[in-house]
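*Asks:* What follows is the file query_23.txt, containing compact mmCIF, C-alpha atoms:
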```txt
# COMPACT_ATOMS: atom_id res chain seq x y z
CA MET A 1 -9.29 -65.28 15.58
CA THR A 2 -6.52 -62.75 15.53
CA SER A 3 -5.89 -60.81 18.72
CA SER A 4 -7.74 -57.52 18.56
CA SER A 5 -7.43 -54.15 20.21
CA PRO A 6 -9.72 -51.15 20.27
CA THR A 7 -9.58 -48.66 17.43
CA SER A 8 -9.22 -44.95 18.02
CA GLN A 9 -13.02 -44.80 18.37
CA GLY A 10 -12.88 -47.42 21.13
CA LYS A 11 -14.38 -50.23 19.04
CA THR A 12 -12.65 -53.47 18.22
CA ARG A 13 -12.55 -54.65 14.61
CA ALA A 14 -14.09 -58.06 14.19
CA ALA A 15 -15.91 -59.67 11.30
CA CYS A 16 -17.62 -62.98 10.72
CA LEU A 17 -18.90 -64.74 7.61
CA ILE A 18 -21.77 -67.14 8.21
CA GLY A 19 -22.52 -69.34 5.25
CA TRP A 20 -22.74 -72.78 3.72
CA PRO A 21 -20.55 -74.03 2.31
CA ALA A 22 -17.89 -71.75 3.72
CA ALA A 23 -14.59 -73.65 3.59
CA HIS A 24 -13.84 -72.44 0.06
CA SER A 25 -14.08 -68.77 0.98
CA ARG A 26 -11.02 -66.61 0.45
CA SER A 27 -12.52 -63.88 2.62
CA PRO A 28 -10.20 -64.50 5.59
CA LEU A 29 -7.12 -64.18 3.37
CA ILE A 30 -8.40 -60.98 1.79
CA HIS A 31 -9.56 -59.42 5.07
CA HIS A 32 -6.42 -60.36 7.01
CA TYR A 33 -4.28 -58.93 4.19
CA TRP A 34 -6.05 -55.58 4.33
CA LEU A 35 -6.10 -55.50 8.13
CA ARG A 36 -2.31 -55.99 8.17
CA THR A 37 -1.70 -53.60 5.25
CA LEU A 38 -3.74 -50.83 6.87
CA GLY A 39 -2.29 -51.48 10.33
CA ILE A 40 -5.64 -52.41 11.83
CA GLU A 41 -5.60 -55.00 14.58
CA GLY A 42 -8.59 -57.24 14.20
CA GLY A 43 -9.89 -60.57 13.12
CA TYR A 44 -12.11 -62.34 10.65
CA VAL A 45 -13.61 -65.77 11.09
CA ILE A 46 -15.81 -68.11 9.10
CA GLU A 47 -18.72 -69.90 10.70
CA ALA A 48 -19.87 -72.82 8.54
CA VAL A 49 -23.57 -73.08 9.39
CA PRO A 50 -25.78 -75.40 7.35
CA PRO A 51 -28.99 -73.70 6.13
CA GLN A 52 -31.22 -76.02 8.15
CA VAL A 53 -29.41 -75.11 11.40
CA LEU A 54 -29.74 -71.40 10.67
CA ALA A 55 -33.40 -71.81 9.71
CA THR A 56 -34.14 -73.74 12.92
CA ALA A 57 -32.50 -71.04 15.05
CA VAL A 58 -34.34 -68.22 13.29
CA ALA A 59 -37.69 -70.01 13.49
CA ALA A 60 -37.17 -70.71 17.20
CA LEU A 61 -37.00 -66.96 17.91
CA VAL A 62 -40.65 -66.58 16.91
CA ASP A 63 -41.47 -68.04 20.34
CA PRO A 64 -41.22 -65.11 22.82
CA MET A 65 -39.93 -67.43 25.57
CA VAL A 66 -37.06 -68.57 23.35
CA ARG A 67 -36.32 -64.99 22.24
CA ASP A 68 -36.49 -63.66 25.79
CA GLY A 69 -34.32 -66.48 27.15
CA LEU A 70 -31.63 -65.75 24.57
CA MET A 71 -31.82 -62.01 25.26
CA LEU A 72 -31.60 -62.62 29.01
CA HIS A 73 -28.57 -64.85 28.47
CA LEU A 74 -26.82 -62.20 26.36
CA CYS A 75 -27.66 -59.35 28.76
CA PRO A 76 -24.75 -58.50 31.09
CA VAL A 77 -27.03 -58.02 34.09
CA GLY A 78 -29.27 -60.93 33.22
CA GLY A 79 -29.28 -64.39 34.57
CA GLU A 80 -30.80 -67.64 33.60
CA ASP A 81 -34.55 -68.12 33.86
CA PRO A 82 -35.53 -71.81 33.72
CA SER A 83 -38.85 -70.91 32.09
CA CYS A 84 -36.93 -69.31 29.18
CA GLY A 85 -34.53 -72.18 28.58
CA GLY A 86 -35.98 -73.15 25.21
CA TRP A 87 -33.36 -71.12 23.35
CA ARG A 88 -30.50 -73.51 24.15
CA PRO A 89 -31.22 -76.33 21.66
CA ALA A 90 -31.27 -73.96 18.69
CA PHE A 91 -28.42 -71.69 19.75
CA SER A 92 -26.02 -73.63 21.97
CA ALA A 93 -23.33 -73.92 19.28
CA ALA A 94 -23.59 -70.30 18.13
CA VAL A 95 -23.86 -68.44 21.43
CA PRO A 96 -21.00 -68.39 23.91
CA ASP A 97 -21.73 -69.42 27.47
CA ARG A 98 -22.41 -66.18 29.37
CA PRO A 99 -20.18 -63.96 27.21
CA TRP A 100 -20.38 -61.10 29.73
CA LEU A 101 -18.80 -63.02 32.60
CA GLY A 102 -15.16 -63.75 33.26
CA GLU A 103 -12.66 -62.76 30.59
CA ASP A 104 -14.88 -60.46 28.56
CA THR A 105 -13.02 -58.73 25.80
CA ALA A 106 -14.16 -56.11 23.34
CA ALA A 107 -13.19 -58.50 20.53
CA GLU A 108 -15.57 -61.18 21.83
CA ARG A 109 -18.41 -58.67 22.13
CA ARG A 110 -17.84 -57.37 18.59
CA LEU A 111 -17.64 -60.91 17.20
CA LEU A 112 -20.93 -61.79 18.90
CA LEU A 113 -22.52 -58.70 17.35
CA GLU A 114 -21.08 -59.58 13.95
CA ARG A 115 -22.50 -63.11 14.21
CA LEU A 116 -25.95 -61.74 15.07
CA ARG A 117 -25.69 -59.12 12.31
CA SER A 118 -24.72 -61.76 9.78
CA VAL A 119 -27.68 -63.96 10.75
CA ALA A 120 -30.05 -60.97 10.58
CA ALA A 121 -28.74 -60.04 7.13
CA ARG A 122 -29.57 -63.53 5.84
CA THR A 123 -33.00 -63.75 7.47
CA PRO A 124 -35.98 -63.20 5.16
CA ASP A 125 -38.21 -60.29 6.17
CA ARG A 126 -41.03 -62.64 7.17
CA TRP A 127 -38.88 -64.02 10.02
CA ALA A 128 -36.61 -61.05 10.69
CA ALA A 129 -38.27 -59.03 13.49
CA PRO A 130 -37.27 -61.36 16.39
CA VAL A 131 -33.70 -61.78 15.08
CA LEU A 132 -33.31 -58.03 14.58
CA THR A 133 -34.70 -57.33 18.05
CA VAL A 134 -32.17 -59.68 19.66
CA LEU A 135 -29.44 -57.97 17.62
CA ALA A 136 -30.67 -54.51 18.63
CA ASN A 137 -30.85 -55.40 22.32
CA THR A 138 -27.37 -56.92 22.30
CA ALA A 139 -25.96 -53.95 20.36
CA TRP A 140 -27.47 -51.56 22.89
CA TRP A 141 -25.87 -53.43 25.79
CA VAL A 142 -22.49 -53.40 24.02
CA GLY A 143 -22.85 -49.66 23.47
CA ASP A 144 -23.48 -49.63 19.73
CA GLY A 145 -26.57 -47.43 19.52
CA THR A 146 -26.19 -46.99 15.78
CA LEU A 147 -26.38 -50.72 15.07
CA ALA A 148 -29.29 -51.01 17.51
CA ALA A 149 -31.17 -48.22 15.69
CA VAL A 150 -30.52 -49.73 12.25
CA ALA A 151 -31.67 -53.18 13.39
CA LEU A 152 -34.81 -51.73 14.96
CA ALA A 153 -35.59 -49.68 11.85
CA ARG A 154 -35.61 -52.86 9.74
CA ALA A 155 -37.55 -54.80 12.39
CA LEU A 156 -40.25 -52.13 12.45
CA ARG A 157 -40.26 -51.85 8.65
CA VAL A 158 -40.97 -55.57 8.25
CA ASP A 159 -43.30 -55.83 11.26
CA PRO A 160 -44.55 -52.44 12.52
CA GLY A 161 -46.53 -54.13 15.30
CA TYR A 162 -43.64 -56.12 16.79
CA ARG A 163 -44.08 -54.85 20.35
CA LEU A 164 -40.61 -55.52 21.75
CA ALA A 165 -39.04 -53.72 18.78
CA VAL A 166 -41.37 -50.76 19.41
CA LEU A 167 -40.30 -50.62 23.08
CA LEU A 168 -36.59 -50.97 22.33
CA ASP A 169 -36.89 -48.33 19.60
CA GLN A 170 -38.30 -45.90 22.16
CA LEU A 171 -35.41 -46.69 24.51
CA VAL A 172 -32.81 -46.12 21.80
CA SER A 173 -34.58 -43.05 20.34
CA LEU A 174 -34.70 -41.41 23.76
CA GLY A 175 -30.95 -41.90 24.06
CA VAL A 176 -31.15 -44.07 27.17
CA ARG A 177 -27.63 -45.26 27.83
CA ARG A 178 -26.79 -48.77 28.90
CA GLU A 179 -25.26 -47.46 32.13
CA ALA A 180 -28.78 -46.41 33.18
CA GLY A 181 -30.01 -49.93 32.50
CA ARG A 182 -27.19 -51.45 34.51
CA SER A 183 -27.73 -49.24 37.56
CA ARG A 184 -31.47 -49.90 37.64
CA ALA A 185 -31.05 -53.62 37.12
CA ALA A 186 -28.45 -53.94 39.86
```
Show how you would write the structure in this file as structure tokens.
*Replies:*
Amino acid sequence: MTSSSPTSQGKTRAACLIGWPAAHSRSPLIHHYWLRTLGIEGGYVIEAVPPQVLATAVAALVDPMVRDGLMLHLCPVGGEDPSCGGWRPAFSAAVPDRPWLGEDTAAERRLLLERLRSVAARTPDRWAAPVLTVLANTAWWVGDGTLAAVALARALRVDPGYRLAVLLDQLVSLGVRREAGRSRAA
């Protein structure tokens, strides 16, 4: 991935294409051309993910322990809960090891969000609520309330009774900032 720096709005430009097959895609050439032409520092990567791997990961999120374990792993104040370890087999290749620790860059956070967004965009409505809730939670922690709200709106449209989406939607709608979550969790 190309080295990235924050934009004037404080967000790093990063994009990711998840697909299969993906090697033939000219998207990186096109995107890198326009990034250079417009003077935008950023990156674009391709993740070649076979459909069966993506389907297994999405289906695994239906289990609340798997979903919660992944969300805990992606949360900057979270830790590892052995009872929620079931997420690892389905996501170990796609999710960085504790992305919030060590050399955490805005580019890595944006790329993680783009990966989650790309998976959510390809997930059929029947399976989408858990994926969208993980995306919304991660977006909220990164500070992207707009993406969190959009993900929650779709989650609640496809499954109005998905309780975690309802709770996160209340958090986002009330304008609770991630700094409040960090100070209470510390």
*Asks:* Using only C-alpha atoms, which protein or nucleic acid residues come within 10 Å of segment 133-136 of chain A? Drop anything in the same chain fewer than 3 positions from it, and give the result as an MDAnalysis selection string.
*Replies:* chainID A and resid 61 67:68 70:72 74 112:120 128:130 139:142 144:156 162:166 168:169 172
*Asks:* When you draw a straight line from atom CA of Arg177 of chain A to atom CA of Gly42 of chain A, how long is it in Å?
*Replies:*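 Distance reported for this atom pair: 26.3 Å.
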*Asks:* If I take atom CA of Tyr44 of chain A and atom CA of His73 of chain A, how far is one from the other in Å, to one decimal?
*Replies:* 24.4 Å
*Asks:* For Pro51 of chain A, please output as a JSON list (two decimals) with C-alpha atoms, in the frame of the given file all residues within 12 Å (counting all atoms listed in the file; exclusion window: fewer than 3 positions along the same chain).
*Replies:*
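As a result, around-v1.json now contains:
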```
[["chain", "number", "residue", "atom", "x", "y", "z"],
["A", 18, "ILE", "CA", -21.77, -67.14, 8.21],
["A", 19, "GLY", "CA", -22.52, -69.34, 5.25],
["A", 20, "TRP", "CA", -22.74, -72.78, 3.72],
["A", 21, "PRO", "CA", -20.55, -74.03, 2.31],
["A", 22, "ALA", "CA", -17.89, -71.75, 3.72],
["A", 47, "GLU", "CA", -18.72, -69.90, 10.70],
["A", 48, "ALA", "CA", -19.87, -72.82, 8.54],
["A", 54, "LEU", "CA", -29.74, -71.40, 10.67],
["A", 55, "ALA", "CA", -33.40, -71.81, 9.71],
["A", 56, "THR", "CA", -34.14, -73.74, 12.92],
["A", 57, "ALA", "CA", -32.50, -71.04, 15.05],
["A", 58, "VAL", "CA", -34.34, -68.22, 13.29],
["A", 59, "ALA", "CA", -37.69, -70.01, 13.49],
["A", 119, "VAL", "CA", -27.68, -63.96, 10.75],
["A", 122, "ARG", "CA", -29.57, -63.53, 5.84],
["A", 123, "THR", "CA", -33.00, -63.75, 7.47]]
```
*Asks:* When you draw a straight line from atom CA of His32 of chain A to atom CA of Thr138 of chain A, how long is it in Å?
*Replies:*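 Atom-to-atom, atom CA of His32 of chain A and atom CA of Thr138 of chain A are spaced 26.2 Å apart.
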*Asks:* Should you be able to, write segment 126-170 of chain A of this structure into a file that contains N, CA and C atoms, as a JSON list (two decimals), in the first residue's frame.
*Replies:*
```json
[["chain", "number", "residue", "atom", "x", "y", "z"],
["A", 126, "ARG", "N", -29.94, -10.87, 4.25],
["A", 126, "ARG", "CA", -30.26, -11.92, 5.22],
["A", 126, "ARG", "C", -29.16, -12.11, 6.26],
["A", 127, "TRP", "N", -27.91, -11.88, 5.87],
["A", 127, "TRP", "CA", -26.76, -12.11, 6.75],
["A", 127, "TRP", "C", -26.08, -10.81, 7.19],
["A", 128, "ALA", "N", -26.61, -9.68, 6.81],
["A", 128, "ALA", "CA", -25.88, -8.42, 6.92],
["A", 128, "ALA", "C", -25.83, -7.79, 8.30],
["A", 129, "ALA", "N", -26.83, -7.96, 9.14],
["A", 129, "ALA", "CA", -26.88, -7.23, 10.42],
["A", 129, "ALA", "C", -25.63, -7.41, 11.27],
["A", 130, "PRO", "N", -25.12, -8.63, 11.49],
["A", 130, "PRO", "CA", -23.90, -8.75, 12.30],
["A", 130, "PRO", "C", -22.68, -8.08, 11.66],
["A", 131, "VAL", "N", -22.52, -8.23, 10.35],
["A", 131, "VAL", "CA", -21.39, -7.62, 9.65],
["A", 131, "VAL", "C", -21.47, -6.09, 9.77],
["A", 132, "LEU", "N", -22.64, -5.55, 9.54],
["A", 132, "LEU", "CA", -22.84, -4.10, 9.61],
["A", 132, "LEU", "C", -22.64, -3.58, 11.03],
["A", 133, "THR", "N", -22.98, -4.36, 12.02],
["A", 133, "THR", "CA", -22.80, -3.94, 13.41],
["A", 133, "THR", "C", -21.32, -3.91, 13.77],
["A", 134, "VAL", "N", -20.56, -4.89, 13.31],
["A", 134, "VAL", "CA", -19.10, -4.87, 13.52],
["A", 134, "VAL", "C", -18.50, -3.65, 12.82],
["A", 135, "LEU", "N", -18.93, -3.40, 11.59],
["A", 135, "LEU", "CA", -18.46, -2.22, 10.85],
["A", 135, "LEU", "C", -18.80, -0.94, 11.61],
["A", 136, "ALA", "N", -20.03, -0.82, 12.08],
["A", 136, "ALA", "CA", -20.46, 0.39, 12.79],
["A", 136, "ALA", "C", -19.66, 0.59, 14.07],
["A", 137, "ASN", "N", -19.46, -0.46, 14.82],
["A", 137, "ASN", "CA", -18.70, -0.35, 16.07],
["A", 137, "ASN", "C", -17.26, 0.09, 15.79],
["A", 138, "THR", "N", -16.65, -0.53, 14.80],
["A", 138, "THR", "CA", -15.26, -0.18, 14.46],
["A", 138, "THR", "C", -15.19, 1.25, 13.94],
["A", 139, "ALA", "N", -16.14, 1.65, 13.10],
["A", 139, "ALA", "CA", -16.17, 3.03, 12.59],
["A", 139, "ALA", "C", -16.30, 4.02, 13.73],
["A", 140, "TRP", "N", -17.15, 3.71, 14.69],
["A", 140, "TRP", "CA", -17.32, 4.61, 15.84],
["A", 140, "TRP", "C", -16.02, 4.77, 16.61],
["A", 141, "TRP", "N", -15.30, 3.67, 16.85],
["A", 141, "TRP", "CA", -14.03, 3.75, 17.57],
["A", 141, "TRP", "C", -12.99, 4.53, 16.78],
["A", 142, "VAL", "N", -13.02, 4.45, 15.47],
["A", 142, "VAL", "CA", -12.07, 5.19, 14.64],
["A", 142, "VAL", "C", -12.44, 6.66, 14.56],
["A", 143, "GLY", "N", -13.69, 6.98, 14.88],
["A", 143, "GLY", "CA", -14.14, 8.36, 14.85],
["A", 143, "GLY", "C", -14.95, 8.73, 13.62],
["A", 144, "ASP", "N", -15.43, 7.73, 12.90],
["A", 144, "ASP", "CA", -16.22, 7.97, 11.70],
["A", 144, "ASP", "C", -17.70, 7.71, 12.02],
["A", 145, "GLY", "N", -18.32, 8.69, 12.67],
["A", 145, "GLY", "CA", -19.72, 8.57, 13.06],
["A", 145, "GLY", "C", -20.66, 8.45, 11.88],
["A", 146, "THR", "N", -20.31, 9.06, 10.77],
["A", 146, "THR", "CA", -21.16, 8.99, 9.58],
["A", 146, "THR", "C", -21.23, 7.56, 9.05],
["A", 147, "LEU", "N", -20.08, 6.92, 8.91],
["A", 147, "LEU", "CA", -20.06, 5.53, 8.44],
["A", 147, "LEU", "C", -20.78, 4.64, 9.45],
["A", 148, "ALA", "N", -20.58, 4.87, 10.73],
["A", 148, "ALA", "CA", -21.27, 4.08, 11.76],
["A", 148, "ALA", "C", -22.78, 4.22, 11.60],
["A", 149, "ALA", "N", -23.27, 5.44, 11.41],
["A", 149, "ALA", "CA", -24.71, 5.69, 11.27],
["A", 149, "ALA", "C", -25.27, 5.03, 10.01],
["A", 150, "VAL", "N", -24.54, 5.10, 8.91],
["A", 150, "VAL", "CA", -25.00, 4.48, 7.66],
["A", 150, "VAL", "C", -25.06, 2.97, 7.82],
["A", 151, "ALA", "N", -24.04, 2.37, 8.41],
["A", 151, "ALA", "CA", -24.02, 0.92, 8.62],
["A", 151, "ALA", "C", -25.17, 0.49, 9.53],
["A", 152, "LEU", "N", -25.41, 1.25, 10.58],
["A", 152, "LEU", "CA", -26.50, 0.91, 11.50],
["A", 152, "LEU", "C", -27.87, 1.08, 10.85],
["A", 153, "ALA", "N", -28.01, 2.08, 9.99],
["A", 153, "ALA", "CA", -29.28, 2.28, 9.30],
["A", 153, "ALA", "C", -29.60, 1.05, 8.44],
["A", 154, "ARG", "N", -28.60, 0.53, 7.73],
["A", 154, "ARG", "CA", -28.86, -0.67, 6.91],
["A", 154, "ARG", "C", -29.10, -1.87, 7.80],
["A", 155, "ALA", "N", -28.33, -2.02, 8.87],
["A", 155, "ALA", "CA", -28.52, -3.16, 9.77],
["A", 155, "ALA", "C", -29.95, -3.17, 10.32],
["A", 156, "LEU", "N", -30.44, -2.02, 10.72],
["A", 156, "LEU", "CA", -31.79, -1.94, 11.30],
["A", 156, "LEU", "C", -32.87, -2.05, 10.22],
["A", 157, "ARG", "N", -32.54, -1.68, 8.99],
["A", 157, "ARG", "CA", -33.50, -1.85, 7.90],
["A", 157, "ARG", "C", -33.68, -3.34, 7.60],
["A", 158, "VAL", "N", -32.59, -4.10, 7.58],
["A", 158, "VAL", "CA", -32.69, -5.51, 7.24],
["A", 158, "VAL", "C", -33.10, -6.39, 8.43],
["A", 159, "ASP", "N", -32.83, -5.90, 9.65],
["A", 159, "ASP", "CA", -33.21, -6.65, 10.85],
["A", 159, "ASP", "C", -33.51, -5.67, 11.98],
["A", 160, "PRO", "N", -34.74, -5.13, 12.00],
["A", 160, "PRO", "CA", -35.10, -4.12, 12.99],
["A", 160, "PRO", "C", -34.95, -4.59, 14.44],
["A", 161, "GLY", "N", -34.94, -5.88, 14.68],
["A", 161, "GLY", "CA", -34.83, -6.39, 16.04],
["A", 161, "GLY", "C", -33.42, -6.78, 16.45],
["A", 162, "TYR", "N", -32.42, -6.46, 15.62],
["A", 162, "TYR", "CA", -31.05, -6.84, 15.96],
["A", 162, "TYR", "C", -30.58, -5.97, 17.11],
["A", 163, "ARG", "N", -30.59, -6.52, 18.31],
["A", 163, "ARG", "CA", -30.44, -5.75, 19.55],
["A", 163, "ARG", "C", -29.15, -4.95, 19.64],
["A", 164, "LEU", "N", -28.03, -5.52, 19.27],
["A", 164, "LEU", "CA", -26.78, -4.77, 19.36],
["A", 164, "LEU", "C", -26.78, -3.58, 18.42],
["A", 165, "ALA", "N", -27.38, -3.72, 17.24],
["A", 165, "ALA", "CA", -27.49, -2.59, 16.32],
["A", 165, "ALA", "C", -28.38, -1.50, 16.92],
["A", 166, "VAL", "N", -29.46, -1.90, 17.59],
["A", 166, "VAL", "CA", -30.34, -0.93, 18.25],
["A", 166, "VAL", "C", -29.56, -0.15, 19.31],
["A", 167, "LEU", "N", -28.78, -0.85, 20.13],
["A", 167, "LEU", "CA", -28.00, -0.18, 21.19],
["A", 167, "LEU", "C", -26.93, 0.74, 20.62],
["A", 168, "LEU", "N", -26.20, 0.25, 19.62],
["A", 168, "LEU", "CA", -25.17, 1.10, 19.00],
["A", 168, "LEU", "C", -25.79, 2.30, 18.29],
["A", 169, "ASP", "N", -26.97, 2.12, 17.70],
["A", 169, "ASP", "CA", -27.65, 3.23, 17.04],
["A", 169, "ASP", "C", -28.01, 4.31, 18.06],
["A", 170, "GLN", "N", -28.43, 3.91, 19.24],
["A", 170, "GLN", "CA", -28.73, 4.89, 20.29],
["A", 170, "GLN", "C", -27.47, 5.64, 20.69]]
```
